[in-house]
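Chemist: Have a look at this one before I ask anything.
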Amino acid sequence: MKKFRFRLETLLKFRKMEEEQAQLKMTEASIRLYKEQELLNQLQNNLVVSLDLLSQEQSGSPTIETLKTFGYYIDKIKREIIHQQEQVAKAETYRQECLAGLEVAMKQRKLVDNLREKRLEQYHTELLQEEQKVLDELGTQAFMRNKESE
């Protein structure tokens, strides 16, 4: 019998490549999200440190110029935090989109992979049937030779 051949092998390879690309995009999106969250954490830590410095400064006798400078700086950090929160939300949305794309790619690859498995099982069944036919034929021939020799 001829060797097993899956006609959709090229499609299966293509689906695997799509899945790998989707995995890469997902990894990149996760890294981007992590970096954006880290930047947000740094900004929030800067705000806490600045507020602590302001409270220390206020316990002494600060000048109006110093208080204004702290106020401007704290407002700037708060704006950056808001902007960074938006960036984190965008990165999370993009990551979710990549995850959905990965799930679709995995389903498509599994579908073709399942077709291949079914075809392989069918091939093995046909192979066993063919072998059984050969064995039956050999058995019949042996039986006929024994019958003739009697």
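Residues are named by chain letter and number: chains run A, B, ... in the order of the structure tokens, numbers start at 1 in each chain, and ligands are numbered from 1 in the order shown.
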Might you pull out every residue within 9 Å of Leu102 in chain A, with only C-alpha atoms counted and same-chain residues fewer than 2 positions away left off, and present them as a ChimeraX atom specification?
Modeler: /A:18-23,25-26,97-100,104-107
Chemist: Could you save those same residues with C-alpha atoms as a CSV table (one decimal), in the first residue's frame?
Modeler:
```
chain,number,residue,atom,x,y,z
A,18,GLU,CA,-0.2,31.5,11.9
A,19,GLU,CA,-0.4,30.1,15.5
A,20,GLU,CA,3.3,30.8,16.1
A,21,GLN,CA,3.0,34.3,14.8
A,22,ALA,CA,-0.1,34.9,17.1
A,23,GLN,CA,2.0,33.5,20.0
A,25,LYS,CA,2.3,38.9,19.0
A,26,MET,CA,0.8,37.8,22.3
A,97,GLU,CA,-7.0,41.3,21.1
A,98,CYS,CA,-3.8,39.3,20.7
A,99,LEU,CA,-5.1,36.6,23.0
A,100,ALA,CA,-8.4,36.3,21.0
A,104,VAL,CA,-8.7,31.6,16.9
A,105,ALA,CA,-5.3,30.5,15.4
A,106,MET,CA,-5.2,27.6,17.8
A,107,LYS,CA,-8.7,26.5,17.0
```
Chemist: Could you check which of A:Leu67, A:Leu40, A:Ala29, A:Leu47 is closest to Thr93 in chain A, using only C-alpha atoms?
Modeler: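 Result for the nearest residue to Thr93 in chain A: A:Ala29.
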Chemist: Figure out the distance between CA of Asn41 in chain A and CA of Glu57 in chain A, please, to one decimal in Å.
Modeler: 24.1 Å
Chemist: Name the residues in contact with Glu126 in chain A at a cut-off of 12 Å, using only C-alpha atoms, excluding same-chain residues fewer than 6 positions from it; report them as a VMD selection string.
Modeler: chain A and resid 1 to 4 119 to 120 132 to 133
